[in-house]
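J.: Here you go, protein.txt (compact mmCIF, C-alpha atoms):
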# COMPACT_ATOMS: atom_id res chain seq x y z
CA MET A 1 139.11 130.45 202.69
CA ALA A 2 139.79 127.53 200.42
CA GLU A 3 140.83 124.34 202.16
CA GLN A 4 144.57 123.98 202.07
CA SER A 5 146.07 121.02 200.36
CA ALA A 6 147.88 118.46 202.54
CA PRO A 7 151.19 116.99 201.39
CA SER A 8 149.83 113.48 201.90
CA GLU A 9 146.77 111.62 203.12
CA LEU A 10 148.69 110.76 206.29
CA MET A 11 149.26 114.43 207.12
CA ARG A 12 145.74 115.61 206.30
CA LEU A 13 143.79 116.41 209.43
CA LYS A 14 140.75 114.16 209.35
CA ARG A 15 138.77 115.96 212.03
CA ALA A 16 138.77 119.64 213.03
CA HIS A 17 140.31 120.24 209.62
CA LYS A 18 140.06 124.01 209.96
CA ARG A 19 142.90 123.71 212.46
CA GLY A 20 145.18 122.08 209.90
CA HIS A 21 147.81 124.16 208.14
CA TYR A 22 150.08 122.92 205.40
CA ASP A 23 151.86 126.10 204.28
CA MET A 24 155.52 126.27 205.20
CA ASP A 25 155.29 129.75 206.75
CA THR A 26 152.91 128.49 209.41
CA ILE A 27 154.92 125.32 209.96
CA TYR A 28 158.17 127.32 210.30
CA SER A 29 156.61 129.81 212.70
CA VAL A 30 155.70 127.01 215.11
CA LEU A 31 159.08 125.30 214.73
CA ASP A 32 160.95 128.54 215.39
CA ALA A 33 159.00 129.22 218.59
CA THR A 34 160.50 126.46 220.72
CA PHE A 35 163.41 124.03 220.85
CA ILE A 36 162.24 120.59 222.07
CA CYS A 37 160.73 117.99 219.75
CA HIS A 38 159.60 114.43 220.33
CA ILE A 39 160.98 111.80 217.94
CA GLY A 40 159.12 108.59 217.20
CA TYR A 41 160.79 105.50 215.80
CA VAL A 42 160.29 101.78 215.96
CA VAL A 43 162.49 99.05 217.52
CA ASP A 44 161.31 95.45 216.99
CA ASP A 45 157.71 96.58 216.28
CA GLN A 46 157.71 98.70 219.45
CA PRO A 47 157.25 102.46 218.89
CA LEU A 48 159.45 104.65 221.11
CA VAL A 49 159.15 108.41 221.70
CA VAL A 50 162.17 110.43 222.82
CA PRO A 51 162.36 114.16 223.62
CA THR A 52 165.36 116.02 222.22
CA ALA A 53 166.49 119.47 221.09
CA TYR A 54 166.18 120.47 217.43
CA ILE A 55 166.98 123.30 215.07
CA ARG A 56 165.51 124.26 211.70
CA GLU A 57 167.57 125.33 208.67
CA GLY A 58 165.44 126.10 205.65
CA ASP A 59 163.10 123.20 204.91
CA THR A 60 164.97 120.76 207.14
CA VAL A 61 165.00 120.08 210.87
CA TYR A 62 168.00 118.61 212.66
CA ILE A 63 168.51 116.71 215.89
CA HIS A 64 171.80 115.62 217.44
CA GLY A 65 173.23 113.44 220.16
CA SER A 66 175.76 110.81 221.04
CA SER A 67 177.05 108.73 218.14
CA ALA A 68 176.36 105.74 220.41
CA SER A 69 172.65 106.58 220.71
CA ARG A 70 170.39 103.74 219.65
CA MET A 71 167.91 106.21 218.22
CA LEU A 72 170.39 108.21 216.18
CA ARG A 73 172.01 105.06 214.79
CA ALA A 74 168.59 103.73 213.76
CA LEU A 75 167.67 107.02 212.09
CA ALA A 76 171.05 107.23 210.32
CA ASN A 77 170.32 103.76 208.97
CA GLY A 78 167.08 104.95 207.42
CA ALA A 79 164.46 104.02 210.02
CA SER A 80 161.09 105.72 209.47
CA MET A 81 160.70 108.57 211.89
CA ALA A 82 158.11 110.94 213.28
CA PHE A 83 159.05 114.45 214.40
CA THR A 84 156.53 116.33 216.55
CA VAL A 85 156.72 119.73 218.24
CA SER A 86 154.01 121.01 220.57
CA ILE A 87 153.56 124.25 222.48
CA VAL A 88 150.88 124.72 225.14
CA ASP A 89 149.42 128.25 224.91
CA ALA A 90 146.42 128.17 227.24
CA LEU A 91 143.94 126.14 229.22
CA VAL A 92 140.37 126.68 228.01
CA LEU A 93 138.06 126.25 231.02
CA ALA A 94 134.46 125.81 229.94
CA ARG A 95 131.25 125.29 231.91
CA SER A 96 131.07 121.63 230.93
CA GLY A 97 133.93 119.17 231.31
CA PHE A 98 133.44 118.13 227.69
CA GLU A 99 134.22 121.59 226.30
CA HIS A 100 137.48 121.97 228.22
CA SER A 101 140.44 122.10 225.90
CA ILE A 102 144.01 123.23 225.51
CA ASN A 103 145.03 125.95 223.09
CA SER A 104 148.21 124.83 221.45
CA ARG A 105 150.39 124.90 218.38
CA SER A 106 151.94 121.74 217.02
CA VAL A 107 153.80 120.45 213.99
CA MET A 108 154.02 116.85 212.93
CA ALA A 109 156.41 115.64 210.26
CA VAL A 110 157.24 112.14 209.08
CA GLY A 111 159.81 110.65 206.77
CA THR A 112 163.26 109.16 206.65
CA GLY A 113 166.16 111.03 208.15
CA PHE A 114 169.71 111.38 206.86
CA GLU A 115 173.01 111.69 208.67
CA VAL A 116 174.94 114.93 208.14
CA THR A 117 178.44 113.84 207.17
CA ASP A 118 179.87 117.01 205.62
CA ALA A 119 182.22 118.27 208.35
CA GLU A 120 181.70 122.00 207.76
CA HIS A 121 177.92 121.72 207.62
CA LYS A 122 177.91 119.54 210.73
CA TYR A 123 180.10 122.03 212.59
CA ASN A 124 177.85 124.94 211.67
CA LEU A 125 174.73 123.05 212.69
CA LEU A 126 176.24 122.21 216.10
CA VAL A 127 176.97 125.93 216.61
CA GLU A 128 173.37 126.67 215.64
CA PHE A 129 172.07 124.37 218.42
CA VAL A 130 173.71 126.77 220.90
CA ASP A 131 172.45 129.85 219.06
CA LYS A 132 168.88 128.63 219.05
CA VAL A 133 168.54 128.75 222.84
CA ALA A 134 170.91 131.71 223.34
CA PRO A 135 171.07 133.82 220.17
CA GLY A 136 174.65 134.94 219.49
CA ARG A 137 176.28 132.59 221.98
CA GLY A 138 177.47 130.10 219.37
CA LYS A 139 180.47 132.25 218.42
CA ASP A 140 181.39 133.01 222.06
CA VAL A 141 181.88 129.44 223.24
CA ARG A 142 184.49 126.91 222.14
CA GLY A 143 183.29 125.13 219.02
CA PRO A 144 183.31 121.35 218.70
CA SER A 145 186.72 119.63 218.54
CA GLU A 146 187.45 116.86 216.07
CA GLN A 147 186.90 114.30 218.82
CA GLU A 148 183.59 115.90 219.87
CA MET A 149 182.46 115.93 216.24
CA LYS A 150 183.17 112.19 216.06
CA ALA A 151 181.26 111.59 219.28
CA THR A 152 178.20 113.42 217.91
CA LYS A 153 175.72 112.41 215.23
CA VAL A 154 173.52 114.98 213.50
CA ILE A 155 170.38 113.72 211.76
CA GLY A 156 168.30 115.81 209.35
CA LEU A 157 164.69 115.39 208.28
CA LYS A 158 163.34 117.28 205.27
CA LEU A 159 159.89 118.75 205.90
CA ASP A 160 158.35 117.24 202.77
CA ASN A 161 155.51 115.64 204.68
CA ALA A 162 154.48 117.95 207.49
CA SER A 163 151.46 119.68 208.91
CA ALA A 164 150.71 122.19 211.64
CA LYS A 165 147.71 122.21 213.94
CA ILE A 166 146.71 125.39 215.72
CA HIS A 167 144.11 125.70 218.48
CA THR A 168 143.26 129.28 219.47
CA ASP A 169 139.80 128.88 220.87
CA ALA A 170 137.70 130.93 223.21
CA VAL A 171 135.29 129.10 225.51
CA THR A 172 132.48 127.49 223.50
CA ASP A 173 129.72 126.17 225.69
CA GLU A 174 126.34 124.78 224.74
CA PRO A 175 123.66 127.49 225.13
CA GLU A 176 121.95 125.51 227.90
CA ASP A 177 125.20 125.47 229.92
CA LEU A 178 125.73 129.25 229.95
CA ASP A 179 123.85 129.70 233.21
CA ILE A 180 125.94 127.21 235.19
CA PRO A 181 127.43 129.37 237.95
CA VAL A 182 131.06 128.47 237.42
CA TRP A 183 133.96 130.63 236.30
CA ALA A 184 134.76 130.17 232.60
CA GLY A 185 137.57 131.57 230.56
CA VAL A 186 141.06 131.08 229.22
CA VAL A 187 144.26 130.76 231.26
CA PRO A 188 147.24 131.64 229.02
CA MET A 189 150.36 129.61 229.70
CA GLY A 190 153.89 129.72 228.46
CA MET A 191 157.44 128.75 229.14
CA ASP A 192 159.57 131.32 230.85
CA ALA A 193 163.01 131.67 232.38
CA GLN A 194 164.05 132.54 235.90
CA ALA A 195 167.14 134.50 236.87
CA PRO A 196 170.31 132.81 235.54
CA ILE A 197 172.55 131.07 238.11
CA ARG A 198 176.26 131.73 237.55
CA ASP A 199 178.65 128.80 237.42
CA LYS A 200 180.67 128.60 240.66
CA ASP A 201 183.94 128.84 238.69
CA LEU A 202 182.91 131.92 236.73
CA SER A 203 185.24 134.87 237.09
CA PRO A 204 183.41 137.76 238.83
CA GLU A 205 184.21 140.24 236.07
CA ILE A 206 182.28 138.29 233.44
CA GLU A 207 178.85 139.86 233.13
CA GLU A 208 175.65 138.31 231.97
CA PRO A 209 175.39 138.53 228.19
CA SER A 210 172.35 140.30 226.80
CA TYR A 211 171.07 137.13 225.15
CA LEU A 212 170.26 135.71 228.57
CA SER A 213 167.38 138.14 228.70
CA LEU A 214 166.23 136.64 225.40
CA CYS A 215 165.81 133.26 227.09
CA PRO A 216 163.51 131.54 226.75
CA ILE A 217 163.09 131.60 223.03
CA HIS A 218 159.39 131.18 223.29
CA ARG A 219 157.54 133.75 225.27
CA ASN A 220 153.84 133.27 224.89
CA ARG A 221 153.24 136.01 227.37
CA THR A 222 153.20 139.14 225.23
CA MET B 223 174.05 103.41 245.50
CA ALA B 224 173.30 100.08 243.90
CA GLU B 225 172.20 100.21 240.29
CA GLN B 226 168.43 100.04 240.06
CA SER B 227 166.86 97.23 238.18
CA ALA B 228 165.02 98.09 234.95
CA PRO B 229 161.66 96.47 234.14
CA SER B 230 162.98 95.35 230.75
CA GLU B 231 166.02 95.56 228.52
CA LEU B 232 164.14 98.07 226.36
CA MET B 233 163.61 100.46 229.28
CA ARG B 234 167.15 100.17 230.69
CA LEU B 235 169.16 103.31 230.01
CA LYS B 236 172.17 102.19 227.99
CA ARG B 237 174.20 105.37 228.38
CA ALA B 238 174.27 107.88 231.26
CA HIS B 239 172.71 105.11 233.30
CA LYS B 240 173.01 107.08 236.54
CA ARG B 241 170.18 109.25 235.19
CA GLY B 242 167.85 106.27 234.89
CA HIS B 243 165.23 105.64 237.54
CA TYR B 244 162.92 102.67 237.66
CA ASP B 245 161.17 103.10 241.01
CA MET B 246 157.52 104.04 240.79
CA ASP B 247 157.80 106.96 243.24
CA THR B 248 160.19 108.77 240.92
CA ILE B 249 158.13 107.88 237.85
CA TYR B 250 154.92 109.12 239.51
CA SER B 251 156.54 112.36 240.69
CA VAL B 252 157.43 113.28 237.09
CA LEU B 253 154.03 112.23 235.76
CA ASP B 254 152.21 114.28 238.40
CA ALA B 255 154.19 117.42 237.58
CA THR B 256 152.69 118.16 234.17
CA PHE B 257 149.74 117.24 231.96
CA ILE B 258 150.86 116.81 228.33
CA CYS B 259 152.32 113.57 226.99
CA HIS B 260 153.39 112.48 223.53
CA ILE B 261 151.95 109.21 222.25
CA GLY B 262 153.77 107.12 219.68
CA TYR B 263 152.04 104.52 217.54
CA VAL B 264 152.47 103.02 214.11
CA VAL B 265 150.27 103.25 211.00
CA ASP B 266 151.38 101.17 208.00
CA ASP B 267 154.98 100.98 209.29
CA GLN B 268 155.04 104.76 209.80
CA PRO B 269 155.55 105.90 213.42
CA LEU B 270 153.41 108.89 214.43
CA VAL B 271 153.76 111.07 217.52
CA VAL B 272 150.78 113.01 218.87
CA PRO B 273 150.66 115.37 221.89
CA THR B 274 147.69 114.98 224.18
CA ALA B 275 146.59 115.49 227.80
CA TYR B 276 146.87 112.65 230.31
CA ILE B 277 146.11 111.79 233.89
CA ARG B 278 147.55 109.15 236.22
CA GLU B 279 145.49 106.95 238.54
CA GLY B 280 147.60 104.52 240.54
CA ASP B 281 149.89 102.57 238.25
CA THR B 282 148.00 103.51 235.09
CA VAL B 283 148.00 106.57 232.82
CA TYR B 284 144.99 107.57 230.75
CA ILE B 285 144.47 109.65 227.61
CA HIS B 286 141.19 110.59 226.00
CA GLY B 287 139.75 112.11 222.87
CA SER B 288 137.19 111.77 220.14
CA SER B 289 135.85 108.27 219.56
CA ALA B 290 136.52 108.97 215.86
CA SER B 291 140.23 109.56 216.46
CA ARG B 292 142.44 107.34 214.33
CA MET B 293 144.95 107.10 217.17
CA LEU B 294 142.47 106.18 219.89
CA ARG B 295 140.79 103.59 217.68
CA ALA B 296 144.19 102.02 216.91
CA LEU B 297 145.15 101.95 220.59
CA ALA B 298 141.76 100.51 221.60
CA ASN B 299 142.41 97.77 219.07
CA GLY B 300 145.67 96.85 220.78
CA ALA B 301 148.29 98.73 218.78
CA SER B 302 151.69 98.93 220.51
CA MET B 303 152.14 102.36 222.00
CA ALA B 304 154.77 104.60 223.50
CA PHE B 305 153.90 107.16 226.16
CA THR B 306 156.45 109.88 226.88
CA VAL B 307 156.34 112.90 229.18
CA SER B 308 159.08 115.50 229.29
CA ILE B 309 159.61 118.64 231.37
CA VAL B 310 162.32 121.20 230.60
CA ASP B 311 163.83 122.52 233.85
CA ALA B 312 166.85 124.53 232.72
CA LEU B 313 169.32 125.39 230.01
CA VAL B 314 172.88 124.49 231.00
CA LEU B 315 175.20 126.96 229.26
CA ALA B 316 178.79 125.74 229.32
CA ARG B 317 182.01 127.24 227.94
CA SER B 318 182.12 124.74 225.08
CA GLY B 319 179.26 124.05 222.74
CA PHE B 320 179.69 120.34 223.39
CA GLU B 321 178.94 120.62 227.12
CA HIS B 322 175.70 122.56 226.65
CA SER B 323 172.73 120.58 227.81
CA ILE B 324 169.16 120.79 229.03
CA ASN B 325 168.17 119.81 232.55
CA SER B 326 164.95 117.89 232.29
CA ARG B 327 162.74 115.19 233.71
CA SER B 328 161.14 112.61 231.48
CA VAL B 329 159.23 109.37 231.68
CA MET B 330 158.96 106.82 228.91
CA ALA B 331 156.52 103.93 229.02
CA VAL B 332 155.62 101.34 226.42
CA GLY B 333 153.01 98.66 226.12
CA THR B 334 149.53 97.94 224.86
CA GLY B 335 146.68 100.16 225.91
CA PHE B 336 143.13 99.20 226.83
CA GLU B 337 139.84 101.02 226.35
CA VAL B 338 137.96 102.00 229.50
CA THR B 339 134.44 100.69 228.99
CA ASP B 340 133.05 100.72 232.54
CA ALA B 341 130.74 103.77 232.51
CA GLU B 342 131.32 104.88 236.10
CA HIS B 343 135.09 104.57 235.86
CA LYS B 344 135.09 106.39 232.54
CA TYR B 345 132.95 109.20 233.97
CA ASN B 346 135.24 109.61 236.97
CA LEU B 347 138.33 109.65 234.78
CA LEU B 348 136.83 112.36 232.55
CA VAL B 349 136.17 114.48 235.66
CA GLU B 350 139.77 113.87 236.72
CA PHE B 351 141.06 115.34 233.42
CA VAL B 352 139.49 118.65 234.51
CA ASP B 353 140.78 118.34 238.07
CA LYS B 354 144.33 117.73 236.93
CA VAL B 355 144.70 121.19 235.38
CA ALA B 356 142.38 122.97 237.84
CA PRO B 357 142.22 121.06 241.14
CA GLY B 358 138.66 120.98 242.49
CA ARG B 359 137.02 122.21 239.29
CA GLY B 360 135.76 118.79 238.20
CA LYS B 361 132.79 118.93 240.60
CA ASP B 362 131.92 122.54 239.68
CA VAL B 363 131.38 122.03 235.95
CA ARG B 364 128.73 119.99 234.20
CA GLY B 365 129.87 116.37 233.96
CA PRO B 366 129.77 114.41 230.70
CA SER B 367 126.34 113.56 229.28
CA GLU B 368 125.56 110.14 227.88
CA GLN B 369 126.11 111.47 224.37
CA GLU B 370 129.43 113.07 225.30
CA MET B 371 130.53 109.81 226.93
CA LYS B 372 129.77 108.00 223.65
CA ALA B 373 131.69 110.61 221.68
CA THR B 374 134.76 110.14 223.88
CA LYS B 375 137.21 107.27 224.12
CA VAL B 376 139.44 106.80 227.17
CA ILE B 377 142.54 104.65 226.78
CA GLY B 378 144.63 103.38 229.70
CA LEU B 379 148.21 102.17 229.77
CA LYS B 380 149.56 100.29 232.77
CA LEU B 381 153.03 101.44 233.77
CA ASP B 382 154.53 97.96 233.79
CA ASN B 383 157.35 98.91 231.49
CA ALA B 384 158.45 102.43 232.29
CA SER B 385 161.52 104.42 233.21
CA ALA B 386 162.31 107.96 234.25
CA LYS B 387 165.36 109.99 233.23
CA ILE B 388 166.40 112.98 235.29
CA HIS B 389 169.04 115.54 234.34
CA THR B 390 169.96 117.99 237.11
CA ASP B 391 173.44 119.03 236.10
CA ALA B 392 175.57 122.00 236.89
CA VAL B 393 177.98 123.23 234.21
CA THR B 394 180.74 120.68 233.64
CA ASP B 395 183.51 122.03 231.45
CA GLU B 396 186.85 120.50 230.58
CA PRO B 397 189.58 122.00 232.83
CA GLU B 398 191.28 123.58 229.80
CA ASP B 399 188.06 125.44 228.92
CA LEU B 400 187.58 127.13 232.29
CA ASP B 401 189.52 130.23 231.24
CA ILE B 402 187.40 130.95 228.16
CA PRO B 403 185.96 134.39 228.90
CA VAL B 404 182.32 133.58 228.37
CA TRP B 405 179.42 133.56 230.82
CA ALA B 406 178.58 130.07 232.04
CA GLY B 407 175.77 128.88 234.24
CA VAL B 408 172.28 127.52 234.41
CA VAL B 409 169.08 129.25 233.27
CA PRO B 410 166.11 127.67 235.09
CA MET B 411 162.96 127.43 233.00
CA GLY B 412 159.42 126.42 233.68
CA MET B 413 155.86 126.66 232.53
CA ASP B 414 153.79 129.35 234.12
CA ALA B 415 150.36 130.93 233.78
CA GLN B 416 149.35 134.48 233.00
CA ALA B 417 146.31 136.27 234.37
CA PRO B 418 143.11 134.39 233.46
CA ILE B 419 140.87 135.94 230.78
CA ARG B 420 137.16 135.80 231.65
CA ASP B 421 134.73 134.43 229.10
CA LYS B 422 132.73 137.28 227.52
CA ASP B 423 129.46 135.67 228.62
CA LEU B 424 130.51 135.26 232.24
CA SER B 425 128.23 136.90 234.77
CA PRO B 426 130.11 139.70 236.60
CA GLU B 427 129.31 138.33 240.05
CA ILE B 428 131.20 135.08 239.42
CA GLU B 429 134.64 135.46 240.93
CA GLU B 430 137.82 133.69 240.00
CA PRO B 431 138.05 130.40 241.87
CA SER B 432 141.12 129.87 244.03
CA TYR B 433 142.31 126.97 241.90
CA LEU B 434 143.14 129.40 239.10
CA SER B 435 146.06 130.54 241.20
CA LEU B 436 147.14 126.90 241.35
CA CYS B 437 147.50 126.88 237.57
CA PRO B 438 149.80 125.78 236.14
CA ILE B 439 150.17 122.48 237.86
CA HIS B 440 153.87 122.47 237.35
CA ARG B 441 155.77 125.36 238.79
CA ASN B 442 159.46 124.78 238.44
CA ARG B 443 160.10 128.22 239.85
CA THR B 444 160.18 127.61 243.60
What do you get writing this file as structure tokens?

T.:
Amino acid sequence: MAEQSAPSELMRLKRAHKRGHYDMDTIYSVLDATFICHIGYVVDDQPLVVPTAYIREGDTVYIHGSSASRMLRALANGASMAFTVSIVDALVLARSGFEHSINSRSVMAVGTGFEVTDAEHKYNLLVEFVDKVAPGRGKDVRGPSEQEMKATKVIGLKLDNASAKIHTDAVTDEPEDLDIPVWAGVVPMGMDAQAPIRDKDLSPEIEEPSYLSLCPIHRNRT
Amino acid sequence: MAEQSAPSELMRLKRAHKRGHYDMDTIYSVLDATFICHIGYVVDDQPLVVPTAYIREGDTVYIHGSSASRMLRALANGASMAFTVSIVDALVLARSGFEHSINSRSVMAVGTGFEVTDAEHKYNLLVEFVDKVAPGRGKDVRGPSEQEMKATKVIGLKLDNASAKIHTDAVTDEPEDLDIPVWAGVVPMGMDAQAPIRDKDLSPEIEEPSYLSLCPIHRNRT
């Protein structure tokens, strides 16, 4: 397979380059498999990293939060940002400590964000944040009021400069380690949901919607 | 309860300050509940965020990786860094989109890292990386050789400037929204492990060690 072309030198995986993927289908498939990202930005030369929910629409990812948020105000003002998503898929337990690893999927993107100011687009994106974790719920709940829209900032980042990194390894031990009498193998891991807990004020006749059984959105356990 | 004192203005939660915790017991309890952090650092004014495994020893967290890693070399050279850990505990599904939230625990720390150069300390820390995900396994596997030690950098960060943020909310809707006929409640989530998959070269008489049933190290499902 020909080596894929990275969108920039910064995004090109320097080591383990076979794990690097730069095609948008692979990047989207990782982004659509979970809902928490980690945002990096800089305040007075100090990098900060903040976890937050995100959605993807086409070639752009969006985050949201309080209009008073230091991070969202900085990003709206054009601060350079990093956007990283990671999913742990398995522990790889080898016969040597050195060969232990974690199978995972991740996406890293960098660039400059923009604030979504178009009211209709912003409204639809806020509904989509609900739909991402509970598909179909967005239309069932009360949508954002004018005041709530004002209290919320939505920041977009185009995925012009992004890469994915995918580890799906079996145990690889040195030949001389194969006889060490220790269990070796892969322990798959994933995020999962427990039984939903009804709100105490919920009327007894309201049943659980079917999308609750779709939670969580990423099931690694197939 | 008196407001806790933050280690710095940067770490003080500006909004939702009741969620902020600055005592080390709380910070340690979050850090000991999972094993992946996200590291922020800056290359040519561009913040980058990279997921990686970590361990905690006392008041210091450690990450490790290839000695050739751009990130680890930058951190060893004194680059400012951010260290963030986040755990998703539940989706909070309210009757309005606005009141949807995610219950979570997170720790953010900032500072300047240091490279661990003492060979014995470095060796013990590398063993601890194995023990963190599979308690007791560190002594069963082959420890790092001299060459593997050279190929690996370990970076520490003292938790002098850290804070924890803990969301454990029930649904809070506006009184006028309580009659909206939509399911509302909390969907607990957590990371969990599937059945281990034996390495193809594993001798049949080697049984699964008991620590495999301790994986994953964070079970939110009690």

J.: Need the shell around Glu207 of chain A: protein/DNA/RNA residues with any atom at most 9 Å away, counting all atoms listed in the file. Skip same-chain ones fewer than 3 positions apart. Format as number ranges by chain?

T.: A: 204; B: 404-405

J.: Determine, counting all atoms listed in the file, which protein, DNA and RNA residues have an atom within 7 Å of an atom of segment 18-24 of chain A; residues of the same chain fewer than 5 positions away are not included. Present the result as number ranges by chain.

T.: A: 4-6, 13, 162-167

J.: Those selected residues, please, written with C-alpha atoms and delivered as a compact mmCIF listing (two decimals), keeping the file's coordinate frame.

T.:
# COMPACT_ATOMS: atom_id res chain seq x y z
CA GLN A 4 144.57 123.98 202.07
CA SER A 5 146.07 121.02 200.36
CA ALA A 6 147.88 118.46 202.54
CA LEU A 13 143.79 116.41 209.43
CA ALA A 162 154.48 117.95 207.49
CA SER A 163 151.46 119.68 208.91
CA ALA A 164 150.71 122.19 211.64
CA LYS A 165 147.71 122.21 213.94
CA ILE A 166 146.71 125.39 215.72
CA HIS A 167 144.11 125.70 218.48

J.: Let me make sure I understand: among A:Gly136, A:Gly78, A:Pro51, A:Gly113, which one has the smallest atom-to-atom distance to chain B if we use all atoms listed in the file?

T.: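 Closest residue, counting all atoms listed in the file: A:Pro51.
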
J.: For a quick check of understanding, using all atoms listed in the file, which of A:Val88, A:Ala109, A:Leu157, A:Leu75 has the smallest distance to Val271 of chain B?

T.: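 Smallest separation from Val271 of chain B among the options: A:Ala109.
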
J.: Which residues come within 9 Å of Asp45 of chain A, counting all atoms listed in the file, excluding same-chain residues fewer than 2 positions away, as a list in words?

T.: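 Returned residues: Val42, Val43 and Pro47 of chain A; Val264, Asp267 and Ser302 of chain B.
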
J.: Pick the closest to chain B from A:Asn103, A:Asn77, A:Ser213, A:Ser96: which is it, counting all atoms listed in the file?

T.: A:Ser96

J.: With distances taken over only C-alpha atoms, which residue among A:Leu93, A:Asp169, A:Gly111, A:Met149 lies nearest Val355 of chain B?

T.: A:Leu93

J.: Counting only C-alpha atoms, which of B:Thr282, B:Thr390, B:Ser288, B:Gln416 gets nearest to chain A?

T.: B:Gln416

J.: Distance atom CA of Val130 of chain A-atom CA of Ile39 of chain A, one decimal place?

T.: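 Between atom CA of Val130 of chain A and atom CA of Ile39 of chain A the gap works out to 19.9 Å.
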
J.: Taking into account all atoms listed in the file, which residue in the set B:Met330, B:Leu347, B:Ile309, B:Ala316 is nearest to Lys200 of chain A?

T.: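 So, comparing all the options, the nearest one is B:Ala316.
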
J.: Go ahead and fit an axis-aligned box to every listed atom of segment 346-358 of chain B plus 5 Å each side, and pass me the centre and edge lengths in Å, one decimal, as lines of an AutoDock Vina configuration file.

T.:
center_x = 140.0
center_y = 116.3
center_z = 237.5
size_x = 19.5
size_y = 23.4
size_z = 19.9

J.: Identify, on the basis of only C-alpha atoms, every residue whose closest approach to Tyr345 of chain B does not exceed 10 Å; exclude the query and any residue fewer than 2 positions from it along the same chain; express the result as a PyMOL selection string.

T.: chain B and resi 338-343+347-350+365-368+371+376

J.: If we count only C-alpha atoms, what is near segment 252-258 of chain B at a cut-off of 7 Å, once residues fewer than 3 positions away on the same chain are taken out, given as a ChimeraX atom specification?

T.: /B:248-249,273-277,307,327-329,439-440
